[in-house]
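Trainee: This is the structure, below, for whatever I ask next.
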Amino acid sequence: MRERKAQVWGLLAPTLFLMFAIGVVPVIYILYLSAFKYNVFSRVGMVYTGFNNFRKLVFDTDFLKSLRLGLTFVVLCCGIELPLGLLIANLLTLEFRGKGLFRTIMTLPLAMAPITIGSMWVLLMNPDIGPIPFYLRKLGIEYNIGVNPTQAFFTTVLVDIWHWTPFVVLTFMAGLSALPKQPYEAALVDGANRWQVFRYITVPLLKPVILTTLFIRIMDTFRVFDEVWMLTSGGPGTATRYVSIHLVRLVLQSMEYGYSSAMSLFLLYLTIVMCWLLMTFISSSQEAT
Amino acid sequence: MQRKTLRLVLVYLVCILIAAFTLFPIYWMFVVSARTKLEVFSGPKLIQTSFYAFNYYRPFFRDIYGRYLVNSLIIASGNTLLVVSLAVLATYAFSRFRVPGSSNLFFWTITNRMAPPAVFIVPFFLIFTRLGLRDTRIGMILLYCIFNLPFAIWLLKGMIDSIPRELDEAAYIDGCSLFGVLWNVILPLAKPGIMTTAILTWIFAWNEYLFAAILTSVNARTITTGLAEFVTVIGTNWGEMAAVSVVCLIPAVVFIGIAQRHIIAGLTFGAVKD
């Protein structure tokens, strides 16, 4: 039996070692770096500053602004994608020819590289060659995401909707097909109308799926990077400078490794807290039903 | 009867609308990739009849994109091989034996996957520079395990859990060792699951951008990073950019063709089963 135990650890050892090396060591390193003022270009090298980086972080208006912008993006994207996805999925509950094809088409955006999605929308939105600015100009609307902050912001929202609404639709379609039939038959006997059926039967029954999807979407929109980077690089000005973009630009432009580490650590902490809160919320609401 | 027909018409209408909205940007990418510079700038015509293949030829055979493509293939395939072999071993242990902490496996997977990758660029940049792993393929292969390995273990766990334990026991009685059971019983039965895991791992490694952009410069640069290099100060060659984007898209389309249903299950975190 003892021999067996050693073998089991032998199975796990490579994975544990690798995940420690690339998953745990960097976090410890961030923790360490965040206590230093460390700029590659400065001659002094690393200077211990204690909690100064975190003190700076709390009062950093640029960072707080990017955080607020990122959260606005999260709320807006999730607020549009989930109801829209639910509506579409609910419409598609009945069987029809071509449903398989429709699902295949919906899978495409999910498997595409986000950076390709970015370049694809650049081709559509570029003021020189894109069809969208071209036709909007004919309608008398000047559309340029390189200049107009509001347009840039809502364009990133649109791209996110294009990218992720299919995901919501697919999960909800699967969730709906797994629901029991009896409540619907009972409602039909009672003479409930479509809206009542949707509001009082479908939504409560689908609640676990809705919450899980919401959870995944919140975390994904919060860390959005590739598409926005390709499309606007955070500009014009700071209009689309969401947290990830802000952090990367800070690292690339200022080379302030100590301060960037403090920011990274804070974002990591925020991610873990958000994950934990949302998962606790989901499991508690599942127990309640 | 009347109402049902009406509903079906409505459903088809919505489906066509959504499909058009989803496919149009992809279609447009193809169209631009088939155009000469002159055609690209002479107004956005929606239909394209000619095909300008030079957009595909030049970046890959005259420019450096051929090498980027090879790098991407090597990194994605190497990472898949590493992740799948490690994940099979670890998942077997997690699934069949009491390993302390295995109940937190799901949370671990989730947080690893949900953390913004931007958070890790500073430590990885410094560590990789020190270890001489920066701008090497092996470095990227190891690095991509950070998000692929927990995901692969989590994905495989459900599949290996569903293989009845009685089969293990029978093999043990027949004198199989632990590795013998893994090789002769688990591997053949978990083959479809392993294939799905491999495909998804491959797609994620192929699609990754941020780490590759920060940690590679010349030797190990990947195709996604190359794609982002197109927008330059002296102007962008839109046709070629579209062509590289199309090439970037091909593997995803092929894999969807091979194993669509399983891929959906993985991409939606198991929310879509069947």
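Residues are named by chain letter and number: chains run A, B, ... in the order of the structure tokens, numbers start at 1 in each chain, and ligands are numbered from 1 in the order shown.
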Near chain B, meaning an atom within 6 Å, which residues of chain A appear when counting only C-alpha atoms? Write them as a ChimeraX atom specification.
Mentor: /A:8,11-12,15,26,111,113,116,120,129,131,171,174,219,223,244,264,271
Trainee: When you count only C-alpha atoms, which of these residues is closest to Ile22 (chain A): B:Ala259, B:Leu182, B:Met140, B:Ala152?
Mentor: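 Closest to Ile22 (chain A) of all the choices is B:Met140.
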Trainee: Which parts of region 77-160 of chain B does DSSP call helix (DSSP H, G or I) when run on the backbone here, written out as number ranges by chain?
Mentor: B: 77-96, 102-114, 117-131, 137-143, 145-160
Trainee: Compile the contact shell of Ser119 (chain A) as number ranges by chain: residues with an atom at most 7 Å away, counting only C-alpha atoms, same-chain residues fewer than 4 positions apart removed.
Mentor: A: 115, 123, 230-231
Trainee: Skip Phe154 (chain A) itself and residues of its chain fewer than 4 positions away, then list as an MDAnalysis selection string all residues within 10 Å of it, counting only C-alpha atoms.
Mentor: chainID A and resid 73 76:77 145 149:150 158:160 239:240
Trainee: Please measure the separation of CA of Pro164 (chain B) and CA of Gly193 (chain B), giving the value in Å to one decimal.
Mentor: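 Value for the CA of Pro164 (chain B)-CA of Gly193 (chain B) distance: 15.1 Å.
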Trainee: Choose the residue, out of B:Pro100, B:Leu17, B:Lys37, B:Pro59, that has the smallest atom-to-atom separation from Trp9 (chain A); count only C-alpha atoms.
Mentor: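 Result for the nearest residue to Trp9 (chain A): B:Pro100.
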Trainee: Go through B:Thr49, B:Ser95, B:Gln2, B:Ser33 and flag the residue nearest Leu155 (chain B), using only C-alpha atoms for the distances.
Mentor: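 Nearest to Leu155 (chain B): B:Ser95.
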Trainee: Rounded to one decimal place, report the CA of Leu206 (chain A)-CA of Gly175 (chain A) distance in Å.
Mentor: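 Computed distance, CA of Leu206 (chain A) to CA of Gly175 (chain A), equals 6.6 Å.
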Trainee: Can you measure CA of Arg199 (chain A) to CA of Phe96 (chain A) for me? One decimal in Å is fine.
Mentor: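 Computed distance, CA of Arg199 (chain A) to CA of Phe96 (chain A), equals 24.2 Å.
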Trainee: Measuring between only C-alpha atoms, which one of A:Trp164, A:Trp195, A:Phe51, A:Tyr184 shows the shortest distance to Ile117 (chain A)?
Mentor: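 When distances to Ile117 (chain A) are compared using only C-alpha atoms, the smallest one comes from A:Trp164.
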Trainee: Determine the nearest neighbour of Asn126 (chain A) from the options B:Trp183, B:Thr236, B:Ile258, B:Ile173, counting only C-alpha atoms.
Mentor: B:Thr236
Trainee: Of the residues A:Gly70, A:Gly23, A:Gly85, A:Pro127, which is the one nearest to Asn148 (chain A), using only C-alpha atoms?
Mentor: A:Pro127
Trainee: Name the residues in contact with region 274-284 of chain A at a cut-off of 12 Å, using only C-alpha atoms, excluding same-chain residues fewer than 3 positions from it; report them as a ChimeraX atom specification.
Mentor: /A:207-220,222,267-271,287-289 /B:104,106-115
